[in-house]
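**Q** Contents of work18.csv (CSV, C-alpha atoms) are below:
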chain,number,residue,atom,x,y,z
A,76,MET,CA,0.0,0.0,0.0
A,77,THR,CA,1.2,3.5,-0.7
A,78,VAL,CA,1.9,6.2,1.9
A,79,GLU,CA,-1.1,8.1,0.7
A,80,HIS,CA,-3.3,5.1,1.6
A,81,TRP,CA,-2.3,5.6,5.2
A,82,THR,CA,-2.0,9.4,5.4
A,83,ASP,CA,-5.5,9.7,3.8
A,84,ARG,CA,-6.9,8.0,6.9
A,85,LEU,CA,-5.0,10.0,9.5
A,86,SER,CA,-7.7,12.6,10.0
A,87,ASP,CA,-10.4,9.9,10.5
A,88,TYR,CA,-8.0,8.2,12.9
A,89,LEU,CA,-7.5,11.4,14.9
A,90,ASP,CA,-11.2,12.1,15.0
A,91,GLY,CA,-12.0,8.6,16.2
A,92,SER,CA,-14.1,7.6,13.2
A,93,LEU,CA,-12.1,4.6,12.1
A,94,GLY,CA,-13.4,1.1,12.8
A,95,LEU,CA,-11.5,-1.1,15.3
A,96,ALA,CA,-9.7,-3.2,12.6
A,97,GLU,CA,-8.7,-0.2,10.5
A,98,ARG,CA,-7.5,1.6,13.6
A,99,ARG,CA,-5.3,-1.2,14.7
A,100,ALA,CA,-3.9,-1.7,11.2
A,101,LEU,CA,-3.0,2.0,11.0
A,102,GLU,CA,-1.4,2.1,14.4
A,103,ALA,CA,0.7,-0.9,13.4
A,104,HIS,CA,1.8,0.8,10.2
A,105,VAL,CA,2.6,4.2,11.9
A,106,ALA,CA,4.7,2.4,14.5
A,107,GLU,CA,7.0,1.3,11.7
A,108,CYS,CA,6.8,4.2,9.2
A,109,ASP,CA,8.8,7.4,10.1
A,110,GLU,CA,7.1,9.4,7.4
A,111,CYS,CA,3.5,8.6,8.5
A,112,ARG,CA,4.5,9.2,12.1
A,113,LYS,CA,5.8,12.6,11.2
A,114,VAL,CA,2.6,13.5,9.4
A,115,LEU,CA,0.5,12.3,12.2
A,116,ASP,CA,2.4,14.4,14.8
A,117,GLU,CA,2.1,17.5,12.5
A,118,LEU,CA,-1.6,17.0,12.1
A,119,ARG,CA,-2.0,16.7,15.9
A,120,SER,CA,-0.2,20.0,16.2
A,121,VAL,CA,-2.4,21.7,13.7
A,122,ILE,CA,-5.6,20.4,15.4
A,123,ALA,CA,-4.3,21.5,18.9
A,124,ALA,CA,-3.4,24.9,17.6
A,125,ALA,CA,-6.8,25.3,16.0
A,126,GLY,CA,-8.6,24.5,19.2
A,127,ASP,CA,-6.6,27.0,21.1
A,128,LEU,CA,-6.8,30.0,18.7
A,129,PRO,CA,-7.5,33.2,20.7
A,130,ASP,CA,-10.5,35.4,19.8
A,131,ARG,CA,-9.9,38.9,18.7
A,132,GLY,CA,-12.3,41.7,18.1
A,133,PRO,CA,-12.2,44.2,15.2
A,134,GLU,CA,-9.4,46.8,15.1
A,135,ARG,CA,-12.0,49.6,15.2
A,136,ASP,CA,-15.2,49.9,17.1
A,137,LEU,CA,-18.1,48.8,14.9
A,138,TRP,CA,-20.8,49.7,17.3
A,139,PRO,CA,-21.5,53.3,16.1
A,140,ARG,CA,-22.2,52.0,12.6
A,141,ILE,CA,-24.4,49.2,13.9
A,142,ALA,CA,-26.3,51.7,16.2
A,143,ALA,CA,-26.9,54.0,13.3
A,144,THR,CA,-28.7,51.2,11.4
A,145,ILE,CA,-31.0,50.3,14.3
A,146,ASP,CA,-33.4,52.6,16.1
A,147,ASP,CA,-34.9,52.7,19.6
A,148,THR,CA,-38.3,51.5,18.4
A,149,GLY,CA,-36.9,48.0,17.8
A,150,ALA,CA,-36.9,48.1,14.0
A,151,ALA,CA,-33.9,48.2,11.6
A,152,VAL,CA,-34.3,51.3,9.5
A,153,ILE,CA,-35.0,50.1,6.0
A,154,ASP,CA,-35.2,52.5,3.1
A,155,LEU,CA,-38.1,51.3,0.9
A,156,SER,CA,-39.0,54.7,-0.6
A,157,ARG,CA,-37.9,53.7,-4.0
A,158,HIS,CA,-41.0,51.4,-4.2
A,159,LEU,CA,-43.2,54.5,-4.3
A,160,GLY,CA,-41.8,55.5,-7.7
A,161,ASP,CA,-44.2,53.6,-9.9
A,162,ARG,CA,-47.4,54.9,-8.5
A,163,GLY,CA,-49.5,57.3,-10.4
A,164,ARG,CA,-47.6,57.4,-13.6
A,165,GLY,CA,-49.6,57.8,-16.8
A,166,SER,CA,-53.3,57.6,-17.0
A,167,GLU,CA,-53.6,54.0,-15.8
A,168,ARG,CA,-53.2,53.5,-12.0
A,169,ARG,CA,-50.7,50.6,-11.6
A,170,ARG,CA,-50.9,48.0,-8.9
A,171,ILE,CA,-48.4,48.7,-6.1
A,172,ARG,CA,-45.8,45.9,-6.0
A,173,PHE,CA,-43.3,45.4,-3.2
A,174,THR,CA,-40.4,43.3,-4.4
A,175,VAL,CA,-40.2,40.0,-2.6
A,176,PRO,CA,-36.6,40.3,-1.2
A,177,GLN,CA,-37.5,43.7,0.5
A,178,LEU,CA,-40.7,42.3,1.8
A,179,VAL,CA,-39.0,39.3,3.3
A,180,ALA,CA,-36.2,41.4,4.7
A,181,ALA,CA,-38.5,44.0,6.2
A,182,GLY,CA,-41.0,41.3,7.4
A,183,LEU,CA,-43.9,43.4,6.3
A,184,ALA,CA,-47.4,42.0,7.1
A,185,LEU,CA,-51.0,42.8,6.5
A,186,ALA,CA,-53.3,41.7,9.3
A,187,ILE,CA,-56.4,42.0,7.3
A,188,PHE,CA,-55.5,39.4,4.8
A,189,SER,CA,-54.5,36.5,6.9
A,190,GLY,CA,-56.7,34.0,8.8
A,191,ALA,CA,-53.8,33.6,11.2
A,192,THR,CA,-54.8,37.0,12.7
A,193,SER,CA,-57.1,35.1,15.0
A,194,LEU,CA,-55.0,34.8,18.2
A,195,ALA,CA,-55.4,32.7,21.2
A,196,LEU,CA,-56.1,35.7,23.3
A,197,ALA,CA,-58.8,34.0,25.3
A,198,ARG,CA,-57.1,34.5,28.7
A,199,TRP,CA,-55.1,37.6,28.1
A,200,GLY,CA,-56.0,41.3,28.6
A,201,PRO,CA,-54.3,44.6,29.3
A,202,HIS,CA,-51.5,44.8,31.9
A,203,ASP,CA,-50.6,47.8,34.0
A,204,ASN,CA,-47.5,48.6,31.9
A,205,GLY,CA,-49.2,47.9,28.6
A,206,ILE,CA,-48.2,44.3,28.3
A,207,LEU,CA,-50.8,41.5,28.2
A,208,SER,CA,-51.8,39.8,31.4
A,209,ARG,CA,-54.4,37.2,32.2
A,210,ALA,CA,-58.0,38.4,32.1
A,211,PRO,CA,-60.4,36.0,33.8
A,212,ASP,CA,-63.6,36.0,31.7
A,213,ALA,CA,-62.5,36.5,28.1
A,214,PRO,CA,-64.1,34.5,25.3
A,215,ALA,CA,-62.4,31.5,23.6
A,216,VAL,CA,-60.9,32.6,20.3
A,217,LEU,CA,-60.5,36.2,19.4
A,218,THR,CA,-59.0,38.4,16.7
A,219,VAL,CA,-56.9,41.4,17.3
A,220,SER,CA,-59.6,43.6,16.0
A,221,ASP,CA,-62.3,42.0,18.1
A,222,ARG,CA,-60.2,42.3,21.3
A,223,ALA,CA,-58.7,45.6,20.4
A,224,GLY,CA,-60.3,47.3,23.3
A,225,GLU,CA,-58.9,44.7,25.7
A,226,LEU,CA,-55.4,44.8,24.4
A,227,ALA,CA,-52.8,47.5,25.4
A,228,PRO,CA,-54.3,50.6,23.8
A,229,ALA,CA,-51.2,51.7,22.1
A,230,TYR,CA,-51.2,48.5,20.0
A,231,ALA,CA,-54.9,47.8,19.8
A,232,ASP,CA,-56.1,51.2,18.6
A,233,GLU,CA,-53.3,51.6,16.0
A,234,LEU,CA,-53.8,48.0,14.8
A,235,ARG,CA,-57.5,48.7,14.1
A,236,ARG,CA,-56.7,51.9,12.3
A,237,LEU,CA,-54.1,50.3,10.1
A,238,GLU,CA,-56.2,47.3,9.3
A,239,GLY,CA,-59.0,49.5,8.2
A,240,LEU,CA,-56.8,51.6,6.0
A,241,LEU,CA,-55.3,48.6,4.3
A,242,ALA,CA,-58.7,47.0,3.8
A,243,GLU,CA,-59.8,50.2,2.1
A,244,HIS,CA,-56.8,50.0,-0.3
A,245,ARG,CA,-56.5,46.3,-0.7
A,246,THR,CA,-57.3,46.2,-4.4
A,247,GLU,CA,-54.3,48.5,-5.0
A,248,LEU,CA,-51.9,45.7,-4.1
A,249,ALA,CA,-50.7,43.1,-6.7
A,250,PRO,CA,-51.7,39.5,-5.9
A,251,GLY,CA,-48.1,38.4,-5.5
A,252,THR,CA,-47.6,41.1,-2.9
A,253,VAL,CA,-50.7,40.1,-1.0
A,254,ARG,CA,-49.4,36.5,-0.9
A,255,ILE,CA,-46.0,37.5,0.5
A,256,LEU,CA,-47.7,39.8,3.1
A,257,GLU,CA,-50.0,37.0,4.2
A,258,LYS,CA,-47.1,34.6,4.6
A,259,ASN,CA,-45.1,37.1,6.7
A,260,LEU,CA,-48.2,37.8,8.8
A,261,ALA,CA,-48.5,34.1,9.5
A,262,ILE,CA,-44.9,34.0,10.7
A,263,ILE,CA,-45.5,37.0,13.0
A,264,ASP,CA,-48.7,35.6,14.3
A,265,ARG,CA,-47.1,32.2,15.0
A,266,SER,CA,-44.5,34.0,17.1
A,267,ILE,CA,-47.2,35.8,19.0
A,268,GLU,CA,-49.1,32.5,19.6
A,269,GLU,CA,-45.9,30.8,20.8
A,270,SER,CA,-45.2,33.6,23.2
A,271,LEU,CA,-48.7,33.5,24.5
A,272,ALA,CA,-48.5,29.7,24.9
A,273,ALA,CA,-45.1,30.1,26.7
A,274,LEU,CA,-46.6,32.7,29.0
A,275,GLU,CA,-49.3,30.2,29.9
A,276,GLU,CA,-46.6,28.1,31.4
A,277,ASP,CA,-44.7,30.9,33.0
A,278,SER,CA,-46.8,34.0,33.5
A,279,ALA,CA,-44.2,35.7,35.7
A,280,SER,CA,-41.5,35.7,33.0
A,281,GLU,CA,-40.4,39.2,32.2
A,282,PHE,CA,-38.4,37.8,29.3
A,283,LEU,CA,-41.5,36.2,27.7
A,284,ARG,CA,-43.6,39.3,28.3
A,285,ALA,CA,-40.9,41.5,26.6
A,286,HIS,CA,-40.8,39.0,23.8
A,287,LEU,CA,-44.6,39.2,23.3
A,288,ASP,CA,-44.5,43.0,23.6
A,289,ARG,CA,-41.9,43.2,20.9
A,290,ALA,CA,-43.8,40.9,18.6
A,291,PHE,CA,-46.9,43.2,18.8
A,292,ARG,CA,-44.9,46.3,18.4
A,293,ARG,CA,-43.2,44.8,15.4
A,294,LYS,CA,-46.6,44.0,13.9
A,295,VAL,CA,-47.7,47.6,14.3
A,296,GLU,CA,-44.5,48.9,12.8
A,297,TYR,CA,-44.8,46.6,9.8
A,298,LEU,CA,-48.4,47.7,9.1
A,299,ARG,CA,-47.2,51.3,9.5
A,300,GLU,CA,-44.3,50.7,7.1
A,301,ALA,CA,-46.7,49.1,4.5
A,302,SER,CA,-49.0,52.1,4.6
A,303,ALA,CA,-46.1,54.5,4.4
A,304,ILE,CA,-44.7,52.7,1.3
A,305,ALA,CA,-48.0,52.8,-0.4
A,306,GLY,CA,-48.6,56.4,0.5
A,307,TRP,CA,-51.8,55.8,2.4
A,308,SER,CA,-52.3,58.4,5.1
A,309,LEU,CA,-54.0,57.6,8.4
B,116,MET,CA,-31.8,35.1,35.5
B,117,GLN,CA,-28.5,35.2,33.7
B,118,PRO,CA,-27.1,38.7,33.0
B,119,GLU,CA,-27.2,38.2,29.3
B,120,THR,CA,-30.9,37.2,29.4
B,121,GLN,CA,-31.6,40.4,31.3
B,122,ASP,CA,-30.0,42.3,28.5
B,123,VAL,CA,-31.9,40.3,25.8
B,124,THR,CA,-35.1,41.1,27.6
B,125,LEU,CA,-34.2,44.8,27.7
B,126,ALA,CA,-33.1,44.7,24.0
B,127,LEU,CA,-36.5,43.2,23.1
B,128,ARG,CA,-38.1,46.3,24.5
B,129,GLY,CA,-35.9,48.5,22.3
B,130,ASP,CA,-33.1,49.2,24.7
B,131,THR,CA,-30.1,49.7,22.4
B,132,ALA,CA,-27.7,50.2,25.4
B,133,ALA,CA,-28.6,46.6,26.5
B,134,PHE,CA,-27.9,45.4,22.9
B,135,GLU,CA,-24.6,47.2,22.9
B,136,ARG,CA,-23.6,45.3,26.1
B,137,LEU,CA,-24.4,42.0,24.3
B,138,TYR,CA,-22.4,43.2,21.3
B,139,ARG,CA,-19.3,44.0,23.4
B,140,ALA,CA,-19.5,40.7,25.2
B,141,THR,CA,-19.7,38.6,22.0
B,142,VAL,CA,-17.9,40.6,19.3
B,143,PRO,CA,-14.4,39.0,19.8
B,144,ARG,CA,-15.7,35.6,19.1
B,145,ILE,CA,-18.0,36.7,16.3
B,146,HIS,CA,-15.4,38.8,14.6
B,147,SER,CA,-12.8,36.0,14.8
B,148,LEU,CA,-15.4,33.8,13.1
B,149,THR,CA,-16.1,36.2,10.3
B,150,ARG,CA,-12.4,36.9,9.7
B,151,ARG,CA,-11.4,33.3,9.6
B,152,MET,CA,-14.3,32.2,7.4
B,153,GLY,CA,-14.8,35.3,5.3
B,154,GLY,CA,-11.4,36.8,5.1
B,155,ASP,CA,-9.9,40.1,6.4
B,156,ASP,CA,-11.5,42.2,3.7
B,157,LEU,CA,-15.0,41.2,4.4
B,158,ALA,CA,-14.8,40.6,8.2
B,159,GLU,CA,-16.0,44.0,9.4
B,160,ASP,CA,-18.9,44.1,7.0
B,161,LEU,CA,-19.9,40.6,7.9
B,162,THR,CA,-19.6,41.3,11.7
B,163,GLN,CA,-21.8,44.4,11.3
B,164,GLU,CA,-24.4,42.4,9.4
B,165,VAL,CA,-24.4,39.7,12.0
B,166,TYR,CA,-25.4,42.2,14.7
B,167,ILE,CA,-28.0,44.0,12.6
B,168,ARG,CA,-29.5,40.6,11.7
B,169,ALA,CA,-29.5,39.6,15.4
B,170,TRP,CA,-31.3,42.8,16.3
B,171,GLN,CA,-33.9,42.2,13.6
B,172,LYS,CA,-34.4,38.5,14.6
B,173,LEU,CA,-34.1,38.9,18.4
B,174,GLU,CA,-37.6,37.7,19.0
B,175,THR,CA,-36.6,34.3,17.6
B,176,PHE,CA,-34.2,33.8,20.6
B,177,ARG,CA,-36.1,31.5,22.9
B,178,GLY,CA,-33.7,31.5,25.8
B,179,ASP,CA,-33.3,27.7,25.7
B,180,ALA,CA,-29.6,28.1,24.8
B,181,ALA,CA,-27.0,30.7,25.7
B,182,PHE,CA,-27.4,33.9,23.7
B,183,GLY,CA,-23.8,33.6,22.5
B,184,THR,CA,-24.6,30.1,21.1
B,185,TRP,CA,-27.7,31.5,19.3
B,186,LEU,CA,-25.7,34.4,17.9
B,187,HIS,CA,-22.9,32.2,16.8
B,188,ARG,CA,-25.2,29.9,14.8
B,189,LEU,CA,-26.8,33.0,13.2
B,190,ALA,CA,-23.4,34.3,12.2
B,191,VAL,CA,-22.4,30.9,10.7
B,192,ASN,CA,-25.5,30.8,8.6
B,193,LEU,CA,-25.0,34.4,7.5
B,194,ILE,CA,-21.4,33.8,6.5
B,195,LEU,CA,-22.3,30.7,4.5
B,196,SER,CA,-25.1,32.5,2.7
B,197,ARG,CA,-22.4,34.9,1.6
B,198,ARG,CA,-20.1,32.3,0.2
B,199,GLU,CA,-20.4,33.5,-3.4
B,200,THR,CA,-19.3,37.0,-2.3
B,201,ILE,CA,-16.4,35.5,-0.4
B,202,ARG,CA,-15.4,33.4,-3.3
B,203,ARG,CA,-15.4,36.3,-5.8
B,204,ARG,CA,-13.4,38.4,-3.4
B,205,GLU,CA,-10.8,35.7,-3.0
B,206,ALA,CA,-10.5,35.2,-6.7
B,207,ARG,CA,-9.3,38.8,-6.9
B,208,GLN,CA,-6.6,38.3,-4.3
B,209,VAL,CA,-3.0,38.1,-5.2
B,210,SER,CA,-2.2,34.4,-5.9
B,211,GLY,CA,0.8,32.1,-6.1
B,212,SER,CA,4.2,33.4,-4.9
B,213,GLY,CA,2.9,36.8,-3.9
B,214,ARG,CA,0.7,35.2,-1.2
B,215,LEU,CA,3.4,32.8,-0.1
B,216,GLU,CA,5.7,35.7,0.4
B,217,SER,CA,3.1,37.6,2.4
B,218,ILE,CA,2.6,34.6,4.7
B,219,ALA,CA,6.4,34.2,5.0
B,220,GLY,CA,6.5,37.8,6.2
B,221,ARG,CA,3.9,37.3,8.8
B,222,SER,CA,5.4,34.0,10.0
B,223,SER,CA,8.4,36.0,11.3
B,224,THR,CA,6.1,36.6,14.3
B,225,PRO,CA,6.7,33.7,16.7
B,226,GLY,CA,4.2,31.1,17.5
B,227,LEU,CA,2.3,28.4,15.7
B,228,LYS,CA,-1.0,30.1,16.5
B,229,MET,CA,0.0,33.3,14.7
B,230,ASP,CA,1.3,31.3,11.7
B,231,LEU,CA,-2.0,29.2,11.7
B,232,GLU,CA,-4.1,32.4,11.4
B,233,ALA,CA,-2.0,33.5,8.4
B,234,ALA,CA,-2.0,30.1,6.9
B,235,LEU,CA,-5.8,29.9,7.0
B,236,THR,CA,-6.0,32.7,4.5
B,237,ARG,CA,-4.1,30.5,2.0
B,238,LEU,CA,-6.7,27.7,2.1
B,239,PRO,CA,-9.4,27.3,-0.6
B,240,ASP,CA,-12.6,28.7,0.8
B,241,GLY,CA,-14.5,25.5,1.1
B,242,ALA,CA,-11.7,23.7,2.9
B,243,ARG,CA,-11.1,26.7,5.1
B,244,GLN,CA,-14.7,27.0,6.1
B,245,VAL,CA,-15.0,23.3,7.1
B,246,PHE,CA,-11.7,23.5,9.0
B,247,VAL,CA,-12.8,26.6,11.0
B,248,LEU,CA,-16.2,25.0,11.7
B,249,TYR,CA,-14.8,21.6,12.7
B,250,ASP,CA,-11.4,22.2,14.3
B,251,VAL,CA,-11.8,25.8,15.6
B,252,GLU,CA,-15.5,26.0,16.4
B,253,GLY,CA,-16.3,22.4,17.2
B,254,TYR,CA,-19.2,21.6,14.9
B,255,SER,CA,-19.7,18.0,13.8
B,256,HIS,CA,-19.6,16.8,10.2
B,257,GLU,CA,-23.3,16.2,10.3
B,258,GLU,CA,-24.0,19.8,11.4
B,259,ILE,CA,-21.5,21.2,8.8
B,260,GLY,CA,-23.1,19.1,6.1
B,261,ARG,CA,-26.5,20.5,6.9
B,262,MET,CA,-25.3,24.1,7.1
B,263,MET,CA,-23.2,23.9,3.9
B,264,GLY,CA,-25.4,21.6,1.9
B,265,ILE,CA,-22.7,18.9,1.6
B,266,THR,CA,-22.4,15.3,2.6
B,267,ASP,CA,-20.6,14.1,5.7
B,268,GLY,CA,-18.0,12.4,3.4
B,269,THR,CA,-17.4,15.7,1.6
B,270,SER,CA,-17.0,17.5,4.9
B,271,LYS,CA,-14.5,14.9,6.1
B,272,SER,CA,-12.4,15.1,2.9
B,273,GLN,CA,-12.4,18.9,2.9
B,274,LEU,CA,-11.3,18.8,6.5
B,275,HIS,CA,-8.4,16.4,5.7
B,276,ARG,CA,-7.4,18.5,2.8
B,277,ALA,CA,-7.3,21.6,4.9
B,278,ARG,CA,-5.3,19.9,7.7
B,279,MET,CA,-2.7,18.5,5.2
B,280,LEU,CA,-2.3,21.9,3.5
B,281,LEU,CA,-1.9,23.7,6.8
B,282,ARG,CA,0.7,21.1,7.8
B,283,GLU,CA,2.6,21.9,4.7
B,284,TYR,CA,2.4,25.6,5.1
B,285,LEU,CA,3.5,25.5,8.7
B,286,SER,CA,6.3,22.9,8.5
Using structure tokens, write down the structure from this file.
**A**
Amino acid sequence: MTVEHWTDRLSDYLDGSLGLAERRALEAHVAECDECRKVLDELRSVIAAAGDLPDRGPERDLWPRIAATIDDTGAAVIDLSRHLGDRGRGSERRRIRFTVPQLVAAGLALAIFSGATSLALARWGPHDNGILSRAPDAPAVLTVSDRAGELAPAYADELRRLEGLLAEHRTELAPGTVRILEKNLAIIDRSIEESLAALEEDSASEFLRAHLDRAFRRKVEYLREASAIAGWSL
Amino acid sequence: MQPETQDVTLALRGDTAAFERLYRATVPRIHSLTRRMGGDDLAEDLTQEVYIRAWQKLETFRGDAAFGTWLHRLAVNLILSRRETIRRREARQVSGSGRLESIAGRSSTPGLKMDLEAALTRLPDGARQVFVLYDVEGYSHEEIGRMMGITDGTSKSQLHRARMLLREYLS
């Protein structure tokens, strides 16, 4: 057998993935082959050095540039103003089309178009600090619009206004755009449902409450973003 | 509650100061990853993108693993999604004797670890990425295969190729 036959198996040997018979055969060969033994020792050194490499941050502080891209409301600032350029040109009013990559990146959603808007809000109502808490006598399955009055007012009122606005302008959206928005809404609603379910198990968790709070805030921001892109004023 | 979970909770509410603390605690490891897998030229851009993506996707962090672990996996996925960009950037790098000379210059700094960092830049990108993920970061071949869309066998052969090349560069 050639040297390559043995050296090709050295990584597997060092990683413990050779079978017993193969391992014994290789060990017997290495015991008598200076070249293979040298390669084996050098591979061991490479692996040891790799596992011990120190971590090192960037030479300059990247935080100012990161901070400039995110804002205190929890959303990354995304410039979608170029999508307004097609509206109103010529005599024919064109459908507003959001490109799929920007929609996916921005996570835009339209509550009015998705059946997933129905949330398991049966046992949750307003909390002192605006975050949902358990309300004793709420009905079984409720939509955001239905329970708007019982949700934190900042979210509920604005959600209702934005949903109404988008319902009014629905026919201005291209079918493909509607599909993407429905899909993104379903993702957001699943996140909300999962947070609600998790809070059922651990109602005292501030982490989970903050998680849910952010999901609702994000939903409002997305609806606001969609309206702004399309130029629909509140 | 662990300190990092407290900061994640605050960041979920829009507290950028809390997110900055998470950034400062994790950036050495994340930037080392982007540098080793993406190259020096792209490392800063990749690192920034990791944290912006983390801010956008923070609500997907469930708290069932350490924040650093979640962030690291996000970073790996992001870097791998940029493989084409990395490959094009490397194709424009100086090749052949020029790169060997530049490595020789850096290897005047003592220590196998410093030489290894320099030698990593010489590896073909696929072999380098598997080596970093397996030997530096500790992922299994199964995990690497899933992330990179390759078989376990391909991951193993790329790893062996990387190790043998590094052995040559460093000996």
**Q** Residues of chain B within 7 Å of chain A, counting only C-alpha atoms - could you list those as a PyMOL selection string?
**A** chain B and resi 124+127-131+142-144+146-147+159+163+167+171+174+227-228+250-251+275+278+282
**Q** Please provide the set of residues having any atom within 12 Å of Leu189 (chain B), restricted to all atoms listed in the file, with same-chain residues fewer than 5 positions apart removed, written as an mmCIF file with C-alpha atoms, keeping the file's coordinate frame.
**A**
data_model
loop_
_atom_site.group_PDB
_atom_site.id
_atom_site.type_symbol
_atom_site.label_atom_id
_atom_site.label_comp_id
_atom_site.auth_asym_id
_atom_site.auth_seq_id
_atom_site.Cartn_x
_atom_site.Cartn_y
_atom_site.Cartn_z
ATOM 1 C CA ILE B 145 -18.000 36.700 16.300
ATOM 2 C CA LEU B 148 -15.400 33.800 13.100
ATOM 3 C CA THR B 149 -16.100 36.200 10.300
ATOM 4 C CA LEU B 161 -19.900 40.600 7.900
ATOM 5 C CA THR B 162 -19.600 41.300 11.700
ATOM 6 C CA GLU B 164 -24.400 42.400 9.400
ATOM 7 C CA VAL B 165 -24.400 39.700 12.000
ATOM 8 C CA TYR B 166 -25.400 42.200 14.700
ATOM 9 C CA ILE B 167 -28.000 44.000 12.600
ATOM 10 C CA ARG B 168 -29.500 40.600 11.700
ATOM 11 C CA ALA B 169 -29.500 39.600 15.400
ATOM 12 C CA TRP B 170 -31.300 42.800 16.300
ATOM 13 C CA GLN B 171 -33.900 42.200 13.600
ATOM 14 C CA LYS B 172 -34.400 38.500 14.600
ATOM 15 C CA LEU B 173 -34.100 38.900 18.400
ATOM 16 C CA THR B 175 -36.600 34.300 17.600
ATOM 17 C CA PHE B 176 -34.200 33.800 20.600
ATOM 18 C CA PHE B 182 -27.400 33.900 23.700
ATOM 19 C CA GLY B 183 -23.800 33.600 22.500
ATOM 20 C CA THR B 184 -24.600 30.100 21.100
ATOM 21 C CA ILE B 194 -21.400 33.800 6.500
ATOM 22 C CA LEU B 195 -22.300 30.700 4.500
ATOM 23 C CA SER B 196 -25.100 32.500 2.700
ATOM 24 C CA MET B 262 -25.300 24.100 7.100
#
**Q** How many Å lie between CA of Arg236 (chain A) and CA of Ala305 (chain A), rounded to one decimal?
**A**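 Pair CA of Arg236 (chain A) / CA of Ala305 (chain A) returns 15.4 Å.
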**Q** I'd like the contact shell of His104 (chain A) - 9 Å cut-off, only C-alpha atoms, skipping same-chain residues fewer than 5 positions apart - returned as JSON, numbers by chain.
**A** {"A": [81, 99, 111]}
**Q** Deliver the residues from the most recent selection as a file, using C-alpha atoms, as a PDB file, keeping the file's coordinate frame.
**A**
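Saved the output as result.pdb:
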ATOM      1  CA  TRP A  81      -2.300   5.600   5.200  1.00  0.00           C
ATOM      2  CA  ARG A  99      -5.300  -1.200  14.700  1.00  0.00           C
ATOM      3  CA  CYS A 111       3.500   8.600   8.500  1.00  0.00           C
TER       4      CYS A 111
END
**Q** Near Met152 (chain B), counting all atoms listed in the file, which residues have an atom at most 10 Å away, once you skip same-chain residues fewer than 4 positions from it, shown as a PyMOL selection string?
**A** chain B and resi 146-148+157-158+191+194-195+198+201+235-236+240-248
**Q** Can you write just those residues out, C-alpha atoms, as a JSON list (two decimals), in the coordinates of the input?
**A**
[["chain", "number", "residue", "atom", "x", "y", "z"],
["B", 146, "HIS", "CA", -15.40, 38.80, 14.60],
["B", 147, "SER", "CA", -12.80, 36.00, 14.80],
["B", 148, "LEU", "CA", -15.40, 33.80, 13.10],
["B", 157, "LEU", "CA", -15.00, 41.20, 4.40],
["B", 158, "ALA", "CA", -14.80, 40.60, 8.20],
["B", 191, "VAL", "CA", -22.40, 30.90, 10.70],
["B", 194, "ILE", "CA", -21.40, 33.80, 6.50],
["B", 195, "LEU", "CA", -22.30, 30.70, 4.50],
["B", 198, "ARG", "CA", -20.10, 32.30, 0.20],
["B", 201, "ILE", "CA", -16.40, 35.50, -0.40],
["B", 235, "LEU", "CA", -5.80, 29.90, 7.00],
["B", 236, "THR", "CA", -6.00, 32.70, 4.50],
["B", 240, "ASP", "CA", -12.60, 28.70, 0.80],
["B", 241, "GLY", "CA", -14.50, 25.50, 1.10],
["B", 242, "ALA", "CA", -11.70, 23.70, 2.90],
["B", 243, "ARG", "CA", -11.10, 26.70, 5.10],
["B", 244, "GLN", "CA", -14.70, 27.00, 6.10],
["B", 245, "VAL", "CA", -15.00, 23.30, 7.10],
["B", 246, "PHE", "CA", -11.70, 23.50, 9.00],
["B", 247, "VAL", "CA", -12.80, 26.60, 11.00],
["B", 248, "LEU", "CA", -16.20, 25.00, 11.70]]
